[in-house]
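**Student:** Data: work_30.csv, CSV, C-alpha atoms (C1' of nucleotides).
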chain,number,residue,atom,x,y,z
A,570,MET,CA,52.2,-7.8,46.1
A,571,ILE,CA,50.2,-10.8,47.1
A,572,GLY,CA,47.0,-9.4,45.5
A,573,ASP,CA,48.7,-9.2,42.1
A,574,ILE,CA,50.0,-12.8,42.1
A,575,ALA,CA,46.6,-13.9,43.4
A,576,LYS,CA,44.9,-12.3,40.3
A,577,ARG,CA,47.5,-13.5,37.9
A,578,THR,CA,47.2,-17.1,39.1
A,579,GLY,CA,43.6,-17.1,40.1
A,580,THR,CA,44.4,-18.0,43.7
A,581,LYS,CA,42.9,-16.5,46.8
A,582,VAL,CA,45.2,-14.4,48.9
A,583,ASN,CA,44.6,-16.5,52.0
A,584,THR,CA,45.4,-19.6,50.0
A,585,ILE,CA,48.8,-18.2,49.0
A,586,ARG,CA,49.6,-17.4,52.6
A,587,PHE,CA,48.5,-20.9,53.5
A,588,TYR,CA,50.8,-22.4,50.9
A,589,GLU,CA,53.7,-20.4,52.4
A,590,ASP,CA,52.7,-21.7,55.9
A,591,ILE,CA,52.8,-25.3,54.9
A,592,GLY,CA,56.0,-24.9,52.9
A,593,LEU,CA,54.6,-25.3,49.4
A,594,MET,CA,55.6,-21.8,48.5
A,595,PRO,CA,59.0,-20.4,49.8
A,596,GLU,CA,58.9,-17.6,52.4
A,597,ALA,CA,58.2,-14.5,50.3
A,598,ALA,CA,60.6,-11.5,50.3
A,599,ARG,CA,59.1,-8.5,52.1
A,600,THR,CA,59.0,-4.7,51.5
A,601,ALA,CA,60.1,-2.3,54.2
A,602,GLY,CA,56.5,-2.2,55.3
A,603,GLY,CA,56.3,-6.0,55.6
A,604,ARG,CA,54.3,-6.8,52.5
A,605,ARG,CA,55.1,-9.9,50.5
A,606,THR,CA,56.6,-9.5,47.0
A,607,TYR,CA,57.0,-12.1,44.3
A,608,GLY,CA,59.1,-12.6,41.2
A,609,ASP,CA,58.4,-14.6,38.0
A,610,ALA,CA,59.8,-17.8,39.5
A,611,GLU,CA,57.3,-17.6,42.4
A,612,VAL,CA,54.5,-16.9,39.9
A,613,ARG,CA,55.4,-20.0,37.9
A,614,GLN,CA,55.7,-22.1,41.1
A,615,LEU,CA,52.2,-21.0,42.3
A,616,ALA,CA,50.7,-21.6,38.9
A,617,PHE,CA,52.2,-25.1,38.9
A,618,ILE,CA,50.8,-25.7,42.4
A,619,ARG,CA,47.3,-24.6,41.4
A,620,HIS,CA,47.3,-26.7,38.3
A,621,ALA,CA,48.6,-29.7,40.1
A,622,ARG,CA,46.0,-29.3,42.9
A,623,ASP,CA,43.3,-28.7,40.4
A,624,LEU,CA,44.2,-32.0,38.7
A,625,GLY,CA,44.0,-34.0,41.9
A,626,PHE,CA,47.6,-34.1,43.2
A,627,SER,CA,47.8,-33.8,47.0
A,628,THR,CA,49.9,-31.1,48.6
A,629,ASP,CA,52.4,-33.9,49.6
A,630,GLU,CA,52.7,-35.1,46.1
A,631,ILE,CA,53.3,-31.5,44.9
A,632,ARG,CA,55.8,-31.0,47.6
A,633,SER,CA,57.8,-34.0,46.3
A,634,LEU,CA,57.5,-32.9,42.7
A,635,ILE,CA,58.9,-29.5,43.7
A,636,ALA,CA,61.7,-31.1,45.7
A,637,LEU,CA,62.5,-33.2,42.7
A,638,SER,CA,62.6,-30.3,40.3
A,639,ALA,CA,64.9,-28.5,42.7
A,640,ASN,CA,67.6,-31.2,42.1
A,641,PRO,CA,67.5,-31.4,38.4
A,642,ASP,CA,70.7,-33.5,38.3
A,643,GLN,CA,69.1,-36.5,39.9
A,644,ASP,CA,67.4,-39.2,38.0
A,645,CYS,CA,63.9,-38.7,36.7
A,646,LYS,CA,62.7,-42.1,37.9
A,647,GLU,CA,61.0,-40.9,41.0
A,648,ALA,CA,59.0,-38.2,39.3
A,649,GLY,CA,58.2,-40.7,36.6
A,650,SER,CA,56.8,-43.2,39.0
A,651,LEU,CA,54.8,-40.5,40.8
A,652,ALA,CA,53.3,-39.6,37.4
A,653,ARG,CA,52.7,-43.2,36.6
A,654,ARG,CA,50.9,-43.9,39.8
A,655,HIS,CA,48.8,-40.8,39.2
A,656,LEU,CA,48.1,-41.8,35.6
A,657,ALA,CA,46.4,-45.0,36.7
A,658,SER,CA,44.1,-43.2,39.1
A,659,VAL,CA,43.3,-40.5,36.5
A,660,GLU,CA,42.3,-43.1,34.0
A,661,ASP,CA,40.1,-44.8,36.6
A,662,ARG,CA,38.4,-41.4,37.4
A,663,ILE,CA,37.9,-40.7,33.7
A,664,ALA,CA,36.2,-44.1,33.2
A,665,ARG,CA,33.9,-43.5,36.2
A,666,LEU,CA,33.0,-40.0,35.2
A,667,THR,CA,32.3,-41.1,31.7
A,668,ALA,CA,29.8,-43.6,33.0
A,669,LEU,CA,28.2,-40.9,35.2
A,670,ARG,CA,28.0,-38.5,32.2
A,671,ASN,CA,26.1,-41.1,30.3
A,672,ALA,CA,23.8,-41.9,33.2
A,673,LEU,CA,23.2,-38.2,33.8
A,674,ALA,CA,22.5,-37.5,30.1
A,675,ASP,CA,20.1,-40.4,30.0
A,676,ALA,CA,18.5,-39.2,33.2
A,677,THR,CA,18.0,-35.6,32.1
A,678,ARG,CA,16.5,-36.8,28.8
A,679,ASP,CA,14.1,-39.2,30.5
A,680,CYS,CA,13.2,-36.6,33.1
A,681,GLU,CA,11.7,-34.1,30.6
A,682,GLY,CA,8.3,-33.3,32.0
A,683,GLY,CA,8.1,-36.7,33.7
A,684,ARG,CA,7.5,-37.6,37.3
A,685,ILE,CA,10.1,-38.8,39.8
A,686,ALA,CA,8.5,-42.2,39.8
A,687,ASP,CA,9.5,-42.7,36.2
A,688,CYS,CA,12.8,-40.9,36.6
A,689,ARG,CA,16.1,-42.7,36.1
A,690,VAL,CA,18.4,-40.3,38.0
A,691,MET,CA,18.5,-42.4,41.2
A,692,GLU,CA,18.9,-45.7,39.4
A,693,ALA,CA,21.5,-44.3,37.1
A,694,ILE,CA,23.5,-43.2,40.0
A,695,THR,CA,23.0,-46.3,42.2
A,696,MET,CA,23.7,-49.0,39.6
A,697,PRO,CA,22.8,-51.7,42.2
A,698,ALA,CA,24.7,-54.4,40.4
A,699,ASP,CA,27.5,-54.4,42.9
A,700,LEU,CA,25.2,-55.0,45.9
A,701,ASP,CA,24.8,-58.3,47.7
A,702,SER,CA,21.3,-59.3,48.2
A,703,GLY,CA,19.9,-60.1,51.6
A,704,THR,CA,17.2,-59.1,54.1
A,705,ARG,CA,17.7,-57.4,57.5
A,706,VAL,CA,21.3,-57.1,58.6
B,844,MET,CA,24.1,-54.7,62.3
B,845,ILE,CA,26.2,-51.8,61.2
B,846,GLY,CA,29.2,-54.0,60.4
B,847,ASP,CA,27.2,-56.0,57.9
B,848,ILE,CA,25.8,-53.0,56.0
B,849,ALA,CA,29.3,-51.5,56.1
B,850,LYS,CA,30.8,-54.6,54.4
B,851,ARG,CA,27.9,-54.9,51.9
B,852,THR,CA,28.3,-51.3,50.8
B,853,GLY,CA,32.0,-50.8,51.3
B,854,THR,CA,31.4,-48.0,53.8
B,855,LYS,CA,33.2,-47.5,57.1
B,856,VAL,CA,31.2,-48.0,60.2
B,857,ASN,CA,32.0,-44.5,61.4
B,858,THR,CA,30.9,-43.0,58.1
B,859,ILE,CA,27.5,-44.7,58.4
B,860,ARG,CA,27.0,-43.2,61.8
B,861,PHE,CA,28.1,-39.9,60.5
B,862,TYR,CA,25.5,-40.1,57.7
B,863,GLU,CA,22.9,-40.7,60.4
B,864,ASP,CA,24.1,-37.7,62.4
B,865,ILE,CA,23.8,-35.3,59.4
B,866,GLY,CA,20.5,-36.8,58.4
B,867,LEU,CA,21.6,-38.4,55.1
B,868,MET,CA,20.5,-41.8,56.6
B,869,PRO,CA,17.4,-42.2,58.7
B,870,GLU,CA,17.7,-43.0,62.4
B,871,ALA,CA,18.3,-46.7,62.4
B,872,ALA,CA,16.1,-49.1,64.3
B,873,ARG,CA,17.8,-50.6,67.4
B,874,THR,CA,17.9,-54.0,69.0
B,875,ALA,CA,17.1,-54.4,72.7
B,876,GLY,CA,20.8,-53.9,73.4
B,877,GLY,CA,20.9,-50.7,71.4
B,878,ARG,CA,22.6,-51.8,68.2
B,879,ARG,CA,21.5,-50.4,64.9
B,880,THR,CA,19.7,-52.7,62.4
B,881,TYR,CA,19.1,-52.1,58.8
B,882,GLY,CA,16.7,-53.4,56.1
B,883,ASP,CA,17.0,-53.6,52.4
B,884,ALA,CA,15.7,-50.1,51.9
B,885,GLU,CA,18.5,-48.7,54.1
B,886,VAL,CA,21.1,-50.8,52.2
B,887,ARG,CA,19.9,-49.4,48.9
B,888,GLN,CA,19.8,-45.8,50.3
B,889,LEU,CA,23.4,-46.2,51.6
B,890,ALA,CA,24.6,-47.6,48.3
B,891,PHE,CA,23.0,-44.7,46.5
B,892,ILE,CA,24.7,-42.2,48.9
B,893,ARG,CA,28.1,-43.9,48.4
B,894,HIS,CA,27.7,-43.9,44.6
B,895,ALA,CA,26.6,-40.3,44.5
B,896,ARG,CA,29.4,-39.2,46.8
B,897,ASP,CA,31.9,-41.2,44.8
B,898,LEU,CA,30.7,-39.4,41.7
B,899,GLY,CA,31.1,-36.0,43.1
B,900,PHE,CA,27.7,-35.0,44.5
B,901,SER,CA,27.8,-33.1,47.7
B,902,THR,CA,25.9,-34.3,50.7
B,903,ASP,CA,23.5,-31.4,50.2
B,904,GLU,CA,22.8,-32.4,46.7
B,905,ILE,CA,22.3,-36.0,47.8
B,906,ARG,CA,19.9,-34.8,50.5
B,907,SER,CA,17.8,-33.0,48.0
B,908,LEU,CA,17.8,-36.0,45.6
B,909,ILE,CA,16.6,-38.2,48.5
B,910,ALA,CA,14.0,-35.7,49.4
B,911,LEU,CA,12.8,-35.6,45.8
B,912,SER,CA,12.6,-39.4,45.6
B,913,ALA,CA,10.6,-39.5,48.8
B,914,ASN,CA,7.8,-37.5,47.0
B,915,PRO,CA,7.5,-39.4,43.8
B,916,ASP,CA,4.3,-37.7,42.8
B,917,GLN,CA,6.0,-34.3,42.3
B,918,ASP,CA,7.4,-33.2,39.1
B,919,CYS,CA,10.8,-34.4,38.0
B,920,LYS,CA,12.0,-31.0,36.9
B,921,GLU,CA,14.0,-30.3,40.0
B,922,ALA,CA,15.9,-33.6,39.9
B,923,GLY,CA,16.4,-33.0,36.2
B,924,SER,CA,17.9,-29.6,36.7
B,925,LEU,CA,20.1,-30.9,39.5
B,926,ALA,CA,21.3,-33.6,37.1
B,927,ARG,CA,21.8,-31.1,34.3
B,928,ARG,CA,23.9,-28.8,36.5
B,929,HIS,CA,26.0,-31.7,37.5
B,930,LEU,CA,26.3,-32.9,33.9
B,931,ALA,CA,28.1,-29.7,32.8
B,932,SER,CA,30.6,-29.9,35.6
B,933,VAL,CA,31.2,-33.6,35.0
B,934,GLU,CA,31.9,-32.9,31.3
B,935,ASP,CA,34.3,-30.2,32.3
B,936,ARG,CA,36.2,-32.5,34.7
B,937,ILE,CA,36.4,-35.2,32.1
B,938,ALA,CA,37.9,-32.8,29.6
B,939,ARG,CA,40.5,-31.6,32.1
B,940,LEU,CA,41.4,-35.1,33.3
B,941,THR,CA,41.8,-36.2,29.7
B,942,ALA,CA,44.2,-33.4,29.1
B,943,LEU,CA,46.1,-34.5,32.2
B,944,ARG,CA,46.1,-38.1,31.2
B,945,ASN,CA,47.8,-37.2,27.9
B,946,ALA,CA,50.3,-34.9,29.7
B,947,LEU,CA,51.1,-37.7,32.2
B,948,ALA,CA,51.4,-40.3,29.5
B,949,ASP,CA,53.8,-38.0,27.6
B,950,ALA,CA,55.7,-37.3,30.8
B,951,THR,CA,56.2,-40.8,31.9
B,952,ARG,CA,57.3,-41.8,28.4
B,953,ASP,CA,59.8,-38.9,28.2
B,954,CYS,CA,61.0,-39.6,31.7
B,955,GLU,CA,62.4,-43.1,30.9
B,956,GLY,CA,65.9,-42.9,32.2
B,957,GLY,CA,66.1,-39.2,31.6
B,958,ARG,CA,66.9,-36.5,34.0
B,959,ILE,CA,64.5,-34.0,35.6
B,960,ALA,CA,66.1,-31.2,33.6
B,961,ASP,CA,64.7,-32.9,30.4
B,962,CYS,CA,61.5,-34.1,32.1
B,963,ARG,CA,58.1,-32.7,30.9
B,964,VAL,CA,56.1,-33.6,34.0
B,965,MET,CA,56.2,-30.1,35.5
B,966,GLU,CA,55.6,-28.4,32.2
B,967,ALA,CA,52.8,-30.8,31.3
B,968,ILE,CA,51.1,-29.9,34.5
B,969,THR,CA,51.8,-26.2,34.5
B,970,MET,CA,50.7,-25.4,30.9
B,971,PRO,CA,51.8,-21.8,31.4
B,972,ALA,CA,49.7,-20.5,28.6
B,973,ASP,CA,47.2,-19.0,30.9
B,974,LEU,CA,49.7,-16.9,32.8
B,975,ASP,CA,50.2,-13.2,32.3
B,976,SER,CA,53.8,-12.1,31.9
B,977,GLY,CA,55.4,-9.6,34.1
B,978,THR,CA,58.3,-9.2,36.5
B,979,ARG,CA,58.2,-8.5,40.2
B,980,VAL,CA,54.7,-8.1,41.5
C,393,DT,C1',32.9,-67.1,83.7
C,394,DT,C1',36.0,-65.2,81.2
C,395,DA,C1',37.8,-63.6,77.0
C,396,DC,C1',37.1,-61.4,72.7
C,397,DG,C1',35.2,-58.9,69.1
C,398,DA,C1',31.6,-55.9,67.7
C,399,DT,C1',29.1,-52.1,68.9
C,400,DC,C1',28.0,-47.9,71.5
C,401,DT,C1',28.7,-42.5,72.5
C,402,DA,C1',31.4,-38.6,72.4
C,403,DC,C1',34.8,-36.1,70.8
C,404,DA,C1',39.4,-34.8,68.6
C,405,DG,C1',42.1,-34.8,64.3
C,406,DT,C1',42.8,-34.4,59.1
C,407,DC,C1',43.1,-32.1,54.6
C,408,DA,C1',42.8,-28.2,52.0
C,409,DC,C1',41.3,-24.5,52.2
C,410,DT,C1',38.0,-20.1,53.5
C,411,DG,C1',36.4,-16.5,56.3
C,412,DT,C1',36.8,-13.1,59.9
C,413,DA,C1',38.6,-9.8,63.4
C,414,DG,C1',41.4,-6.3,64.5
C,415,DG,C1',45.2,-3.6,63.3
C,416,DA,C1',48.8,-1.4,60.0
C,417,DG,C1',50.8,0.5,55.5
C,418,DC,C1',50.2,3.6,51.9
C,419,DA,C1',48.5,6.6,47.8
C,420,DA,C1',45.0,10.2,46.6
C,421,DG,C1',42.2,13.9,47.6
C,422,DC,C1',40.9,17.8,50.6
D,1319,DG,C1',48.6,17.5,57.7
D,1320,DC,C1',44.6,14.7,57.8
D,1321,DT,C1',41.1,11.8,56.4
D,1322,DT,C1',39.3,8.2,53.3
D,1323,DG,C1',39.7,3.9,51.4
D,1324,DC,C1',42.0,0.2,49.8
D,1325,DT,C1',45.3,-3.5,50.4
D,1326,DC,C1',47.9,-5.9,53.4
D,1327,DC,C1',49.3,-8.0,57.9
D,1328,DT,C1',48.8,-11.9,61.8
D,1329,DA,C1',46.1,-15.0,64.1
D,1330,DC,C1',42.6,-17.9,64.6
D,1331,DA,C1',38.0,-20.1,63.9
D,1332,DG,C1',34.9,-22.5,60.7
D,1333,DT,C1',33.8,-25.8,56.7
D,1334,DG,C1',33.0,-30.4,54.4
D,1335,DA,C1',33.4,-35.0,54.6
D,1336,DC,C1',35.1,-37.9,56.8
D,1337,DT,C1',38.6,-40.8,60.1
D,1338,DG,C1',40.5,-42.2,64.4
D,1339,DT,C1',40.5,-42.9,69.3
D,1340,DA,C1',39.0,-43.6,74.2
D,1341,DG,C1',36.3,-45.8,77.3
D,1342,DA,C1',32.2,-48.3,78.1
D,1343,DT,C1',28.7,-52.0,76.9
D,1344,DC,C1',26.7,-56.0,74.5
D,1345,DG,C1',26.7,-60.7,73.0
D,1346,DT,C1',28.6,-65.1,72.2
D,1347,DA,C1',31.9,-69.0,72.1
D,1348,DA,C1',35.2,-71.7,74.8
Any chance you could give the structure as structure tokens?

**Tutor:**
Amino acid sequence: MIGDIAKRTGTKVNTIRFYEDIGLMPEAARTAGGRRTYGDAEVRQLAFIRHARDLGFSTDEIRSLIALSANPDQDCKEAGSLARRHLASVEDRIARLTALRNALADATRDCEGGRIADCRVMEAITMPADLDSGTRV
Amino acid sequence: MIGDIAKRTGTKVNTIRFYEDIGLMPEAARTAGGRRTYGDAEVRQLAFIRHARDLGFSTDEIRSLIALSANPDQDCKEAGSLARRHLASVEDRIARLTALRNALADATRDCEGGRIADCRVMEAITMPADLDSGTRV
DNA sequence: TTACGATCTACAGTCACTGTAGGAGCAAGC
DNA sequence: GCTTGCTCCTACAGTGACTGTAGATCGTAA
């Protein structure tokens, strides 16, 4: 039943139905009464989708990964290049988030009992280095 | 003009108008002909908004940060706690992205010339450790 | 004066869900 | 057998943060 697979994968029921709608999940088998049932393969697939989404893959990317894994005899190149493209953007995001973490850590430290006027949160976030200067535009 | 501030901050023109609509940017001054004009303060504010969005703050969070910075005499506590809450989630995201980076790096290495059947991309992403076992549900 | 690009408003579309309304299936208790 | 209460069903509207498009207007250079 959909509620069980939802609990086991930490996915909302409506989200699972949505994945079926857009073809990320196969059409579920039904009981006589019309309820969806799922086997281990579906649980694994849903878990894969959730992890991939969680880690920033778009549903289109996930769709192509699933399609690739459905033809295991074909060359791995395509999946590899998908992963490589993603790797670059993941590394970029890590770098930017690390910079933010430092800024936020500084900011919360500086903010202890201070006043906004002395607070670095905004400056830390803005980092105005990449702004052109100029007057009214 | 809106096109200039768009270029200087790397923001799309429609996005700037959208920020004005939802009150993230103040209502812009207009020329006689009705075109929006901006000063340095607006450029800085837009740059701040873009950085904050880029780094994962919601428009609501940004709105409250702007409101706080508009009353610099009030205590910094609120901005600090906002930053602290964000810090925790940023650190979590860094940890998860780092795990993904390693998985993707492994995956792309293992994939060189291999076949999907031997490929770790899916497994690396799925990490099925957090799945209950069971049959049909 | 005409052509062209930038800007204007207003609104529809996108992505990935999330929530809700109204009805049906189904096991447990009376 | 009937009610209660839960889960499930379909269908569709709403959300957040934009993005794109249509049709009109402004401003300037040829």

**Student:** Find the residues near range 1322-1327 of chain D: any atom within 8 Å, counting only C-alpha atoms (C1' of nucleotides), skip ones fewer than 5 places away on the same chain, and give them as a list in words.

**Tutor:**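 Listing them by chain and then by number gives Gly572, Gly603 and Arg604 of chain A; DA416 and DG417 of chain C.
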
**Student:** Identify every residue of chain C that has at least one atom within 12 Å of any atom of chain A, counting only C-alpha atoms (C1' of nucleotides), and report the result as a ChimeraX atom specification.

**Tutor:** /C:407-412,416-418

**Student:** Is it possible to get the residues within 12 Å of (28.3, -65.1, 72.9) (coordinates as in the file, counting all atoms listed in the file) written as a PyMOL selection string?

**Tutor:** (chain C and resi 393-398) or (chain D and resi 1344-1348)

**Student:** I need the chain D residues near chain B as a list of chain:residue names; criterion: at most 12 Å, counting only C-alpha atoms (C1' of nucleotides).

**Tutor:**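 Taken together, these residues fit the definition: D:DG1334, D:DA1335, D:DC1336, D:DT1337, D:DG1338, D:DT1339, D:DT1343, D:DC1344, D:DG1345.
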
**Student:** Only C-alpha atoms (C1' of nucleotides), please: the residues just picked out, written as a PDB file, in the frame of the given file.

**Tutor:**
ATOM      1  C1'  DG D1334      33.000 -30.400  54.400  1.00  0.00           C
ATOM      2  C1'  DA D1335      33.400 -35.000  54.600  1.00  0.00           C
ATOM      3  C1'  DC D1336      35.100 -37.900  56.800  1.00  0.00           C
ATOM      4  C1'  DT D1337      38.600 -40.800  60.100  1.00  0.00           C
ATOM      5  C1'  DG D1338      40.500 -42.200  64.400  1.00  0.00           C
ATOM      6  C1'  DT D1339      40.500 -42.900  69.300  1.00  0.00           C
ATOM      7  C1'  DT D1343      28.700 -52.000  76.900  1.00  0.00           C
ATOM      8  C1'  DC D1344      26.700 -56.000  74.500  1.00  0.00           C
ATOM      9  C1'  DG D1345      26.700 -60.700  73.000  1.00  0.00           C
TER      10       DG D1345
END

**Student:** Do you know which residues are at most 12 Å from Glu596 in chain A counting all atoms listed in the file, after dropping those on the same chain fewer than 3 positions away, and could you put them as a VMD selection string?

**Tutor:** chain A and resid 585 to 593 599 604 to 607 611

**Student:** Rounded to one decimal place, report the CA of Met868 in chain B-CA of Leu925 in chain B distance in Å.

**Tutor:**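 So the answer is 20.3 Å.
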
**Student:** Given the choices A:Val582, A:Met570, A:Ala672, A:Val612, which gets closest to chain B if the distance is worked out from all atoms listed in the file?

**Tutor:**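 Ranked by minimum distance to chain B, first place goes to A:Met570.
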
**Student:** What's around Glu934 in chain B at 12 Å? Count all atoms listed in the file, leave out sequence neighbours fewer than 2 positions away in its own chain, and write the answer as number ranges by chain.

**Tutor:** A: 663, 665-671, 673-674; B: 927-932, 936-941

**Student:** Between B:Ser924, B:Ser907, B:Thr874, B:Thr854, which one has atoms that come closest to chain A, using only C-alpha atoms?

**Tutor:** B:Ser924

**Student:** What does the distance between CA of Gly853 in chain B and CA of Ile905 in chain B come to in Å, to one decimal place?

**Tutor:**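 Separation of CA of Gly853 in chain B and CA of Ile905 in chain B: 18.0 Å.
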
**Student:** Determine the nearest neighbour of chain A from the options B:Ile909, B:Ala849, B:Ala872, B:Thr951, counting only C-alpha atoms.

**Tutor:**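 Residue with the minimum atom-to-atom distance to chain A: B:Thr951.
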